[in-house]
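Below: one structure, written as structure tokens.
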Amino acid sequence: SDRVTITLADGVADVRLNRPDRKNALDAEGFAAIRAAIDDLAAMPGLRCVVLSGAGGDFCAGIDLAMLSGGHVPDLMARSHGPANALQQAAWGWRTLPVPVIAAINGVALGAGFQIALAADIRIAAPDARLSVMEARWGLVPDLGGMALYRGVVRDDVMRDLTYSGRVIAAAEAVALGVVTRIAADPLAEAMALARMIADNSPRAVRAAKRLFNEPADQDAGAILIAESDEQQMLLAGPDHAETLLAAREGRRPTFVD
């Protein structure tokens, strides 16, 4: 499907939601395209970082309401993607992708678009970006994984405020509330520059770090410390460690391979 485009260069995937005439609102085809893109990225050799944005000046305006009124909603109780259903995977899949995901937010990120942005590791927004949970306006709750994705990202009372009210927030308030990482005049250029910086580091170390960050936020400290030690032990036994030591002796920056 052309609803999601992927361009890979030097380990960085430039991924764009591509329905600009509808502000990248998601219908059944859009959801399927996102799931397929996530599967393709997960299997892509040499991938080190993903930048996710929307074509045409908007990130994502949420679910196309015509999809809801047309009876095209799949069985929400069916767990088709591990713990997630088919709709939830469009957001949850970015969190579980093994490499970092950076969301570059222009225009609006509303409803489902807000939840997809929450799934990213880092969110960079334009100064005039507008974000909202918004589902309560349509008699719904955030159900693309938003209730799981916000934990460890946004304070509980902040998410309750945004969810109960459905109010739209500007980028500056989003940063103050912890919803957005930072503001940039050109969020896509900023995200691509950061992605290239990430891609220059050890892909094994970066993937290990993401696995650690994805450990449940309410897990006890002992379990987290064990997970940290396990990842570090594997890295110390891997090829990156030998290259790092050699580079240090030679006074150069290490060169990492996949």
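Ordered as shown in the structure tokens, chains take letters A, B, and onward, while each chain numbers its residues from 1 and ligands are numbered from 1 in the order shown.
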
Report task. Per DSSP on the backbone, filter range 70-216 of chain A down to the residues in helix (DSSP H, G or I) and report them as a PyMOL selection string. Result -> chain A and resi 89-96+112-119+135-138+146-149+156-165+171-177+187-199+203-213

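Listed by chain and then by rising number, the residues of range 33-187 of chain A that DSSP assigns to strand (DSSP E) from the backbone are A:Cys49, A:Val50, A:Val51, A:Leu52, A:Ser53, A:Gly54, A:Val101, A:Ile102, A:Ala103, A:Ala104, A:Ile105, A:Val108, A:Ala109, A:Leu110, A:Ile122, A:Arg123, A:Ile124, A:Ala125, A:Arg130, A:Leu131, A:Ser132, A:Ile169, A:Ala170, A:Arg182, A:Ile183.
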
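Omitting Pro142 in chain A and its sequence neighbours fewer than 4 positions away, and counting only C-alpha atoms, the residues within 9 Å are Gly111, Ala112, Gln115, Val133, Met134, Glu135, Ala136, Gly146, Met147 and Thr163 of chain A.
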
Query raised in the report: Leaving out Leu162 in chain A and any residue of its chain fewer than 3 positions from it, which residues lie within 12 Å of it when counting only C-alpha atoms, given as a list in words?
Result: Leu110, Gly111, Phe114, Leu131, Ser132, Val133, Met134, Glu135, Ala136, Arg137, Val141, Pro142, Gly146, Tyr150, Val154, Arg155, Asp156, Asp157, Val158, Met159, Ser165, Gly166, Arg167, Val168, Ile169, Glu173, Ala174, Leu177 and Val179 of chain A

With N, CA and C atoms kept, could you save the residues just selected as a tab-separated table (two decimals), in the first residue's frame?
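Just written: again.tsv:
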```tsv
chain	number	residue	atom	x	y	z
A	110	LEU	N	-3.88	13.77	16.68
A	110	LEU	CA	-5.13	13.70	17.41
A	110	LEU	C	-5.57	12.25	17.58
A	111	GLY	N	-6.14	11.94	18.74
A	111	GLY	CA	-6.71	10.61	18.94
A	111	GLY	C	-5.71	9.51	18.68
A	114	PHE	N	-2.25	10.74	18.30
A	114	PHE	CA	-1.61	11.03	19.58
A	114	PHE	C	-1.02	9.75	20.17
A	131	LEU	N	-1.95	18.79	19.68
A	131	LEU	CA	-2.12	17.40	20.08
A	131	LEU	C	-3.34	17.26	20.98
A	132	SER	N	-4.00	16.10	20.87
A	132	SER	CA	-5.16	15.85	21.74
A	132	SER	C	-5.46	14.37	21.79
A	133	VAL	N	-5.86	13.90	22.97
A	133	VAL	CA	-6.33	12.52	23.10
A	133	VAL	C	-7.68	12.38	22.40
A	134	MET	N	-8.62	13.24	22.70
A	134	MET	CA	-9.85	13.53	21.93
A	134	MET	C	-10.91	12.44	21.90
A	135	GLU	N	-10.61	11.17	22.24
A	135	GLU	CA	-11.60	10.10	22.07
A	135	GLU	C	-12.90	10.36	22.83
A	136	ALA	N	-12.81	11.01	24.02
A	136	ALA	CA	-14.02	11.23	24.81
A	136	ALA	C	-15.05	12.06	24.06
A	137	ARG	N	-14.60	12.89	23.12
A	137	ARG	CA	-15.54	13.70	22.33
A	137	ARG	C	-16.45	12.83	21.48
A	141	VAL	N	-12.84	5.62	24.51
A	141	VAL	CA	-11.62	5.73	25.31
A	141	VAL	C	-10.43	5.51	24.38
A	142	PRO	N	-9.23	5.99	24.74
A	142	PRO	CA	-8.04	5.68	23.94
A	142	PRO	C	-7.83	4.17	23.92
A	146	GLY	N	-3.00	3.31	24.05
A	146	GLY	CA	-2.64	4.54	24.76
A	146	GLY	C	-2.56	4.38	26.26
A	150	TYR	N	1.29	5.38	27.63
A	150	TYR	CA	1.60	6.61	28.36
A	150	TYR	C	2.41	6.35	29.62
A	154	VAL	N	4.22	9.93	30.43
A	154	VAL	CA	3.44	11.08	30.92
A	154	VAL	C	2.94	10.77	32.32
A	155	ARG	N	2.95	11.77	33.19
A	155	ARG	CA	2.42	11.58	34.54
A	155	ARG	C	0.97	11.14	34.49
A	156	ASP	N	0.57	10.31	35.44
A	156	ASP	CA	-0.78	9.76	35.45
A	156	ASP	C	-1.85	10.85	35.49
A	157	ASP	N	-1.67	11.86	36.34
A	157	ASP	CA	-2.69	12.91	36.44
A	157	ASP	C	-2.76	13.74	35.16
A	158	VAL	N	-1.63	13.90	34.46
A	158	VAL	CA	-1.62	14.63	33.20
A	158	VAL	C	-2.42	13.87	32.15
A	159	MET	N	-2.19	12.56	32.06
A	159	MET	CA	-2.93	11.77	31.08
A	159	MET	C	-4.42	11.74	31.39
A	165	SER	N	-10.81	15.42	29.44
A	165	SER	CA	-11.24	16.69	28.84
A	165	SER	C	-11.27	16.64	27.32
A	166	GLY	N	-10.35	15.87	26.71
A	166	GLY	CA	-10.24	15.86	25.26
A	166	GLY	C	-9.73	17.16	24.69
A	167	ARG	N	-9.13	18.01	25.55
A	167	ARG	CA	-8.70	19.32	25.09
A	167	ARG	C	-7.47	19.23	24.18
A	168	VAL	N	-7.34	20.21	23.31
A	168	VAL	CA	-6.21	20.29	22.39
A	168	VAL	C	-5.11	21.11	23.05
A	169	ILE	N	-3.89	20.61	23.00
A	169	ILE	CA	-2.77	21.34	23.58
A	169	ILE	C	-1.77	21.72	22.49
A	173	GLU	N	2.92	23.55	25.55
A	173	GLU	CA	2.33	22.89	26.71
A	173	GLU	C	2.65	21.40	26.69
A	174	ALA	N	2.67	20.81	25.50
A	174	ALA	CA	2.99	19.38	25.39
A	174	ALA	C	4.38	19.09	25.94
A	177	LEU	N	4.27	19.33	29.76
A	177	LEU	CA	3.58	18.20	30.37
A	177	LEU	C	4.33	16.89	30.19
A	179	VAL	N	4.65	15.32	27.27
A	179	VAL	CA	4.10	14.59	26.13
A	179	VAL	C	5.07	14.62	24.95
```

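Nearest to Val51 in chain A of all the residues A:Asp128, A:Glu190, A:Asp21, A:Asp2 is A:Glu190, based on only C-alpha atoms.
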
Requested in this report: Name the closest residue to Pro45 in chain A among the candidates A:Ile224, A:Leu236, A:Leu8, A:Phe59; distances are taken between atoms, counting only C-alpha atoms.
Outcome: A:Leu8

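Each of A:Pro98, A:Ala195, A:Asp14, A:Pro187 was checked against Leu212 in chain A using only C-alpha atoms; the smallest atom-to-atom distance is that of A:Pro98.
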
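Atom pair CA of Ile122 in chain A / CA of Arg16 in chain A: separated by 16.0 Å.
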
Query raised in the report: Leaving out range 23-36 of chain A and any residue of its chain fewer than 5 positions from it, which residues lie within 10 Å of it when counting only C-alpha atoms, given as an MDAnalysis selection string?
Result: chainID A and resid 1:5 15:18 41:42 53:68 72:74 81 86:94 107:113

Query raised in the report: CA of Gly46 in chain A and CA of Ala227 in chain A, how far apart in Å?
Result: 25.1 Å

Query raised in the report: What's the 9 Å shell around Asn85 in chain A, counting only C-alpha atoms, without same-chain residues fewer than 6 positions away, as a count of residues only?
Result: 7

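When only C-alpha atoms are used to compute distances to Val50 in chain A, the closest of the residues A:Asp220, A:Glu250, A:Asp121, A:Asp240 turns out to be A:Asp121.
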
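As for CA of Leu149 in chain A and CA of Asp218 in chain A, they are spaced 13.2 Å apart.
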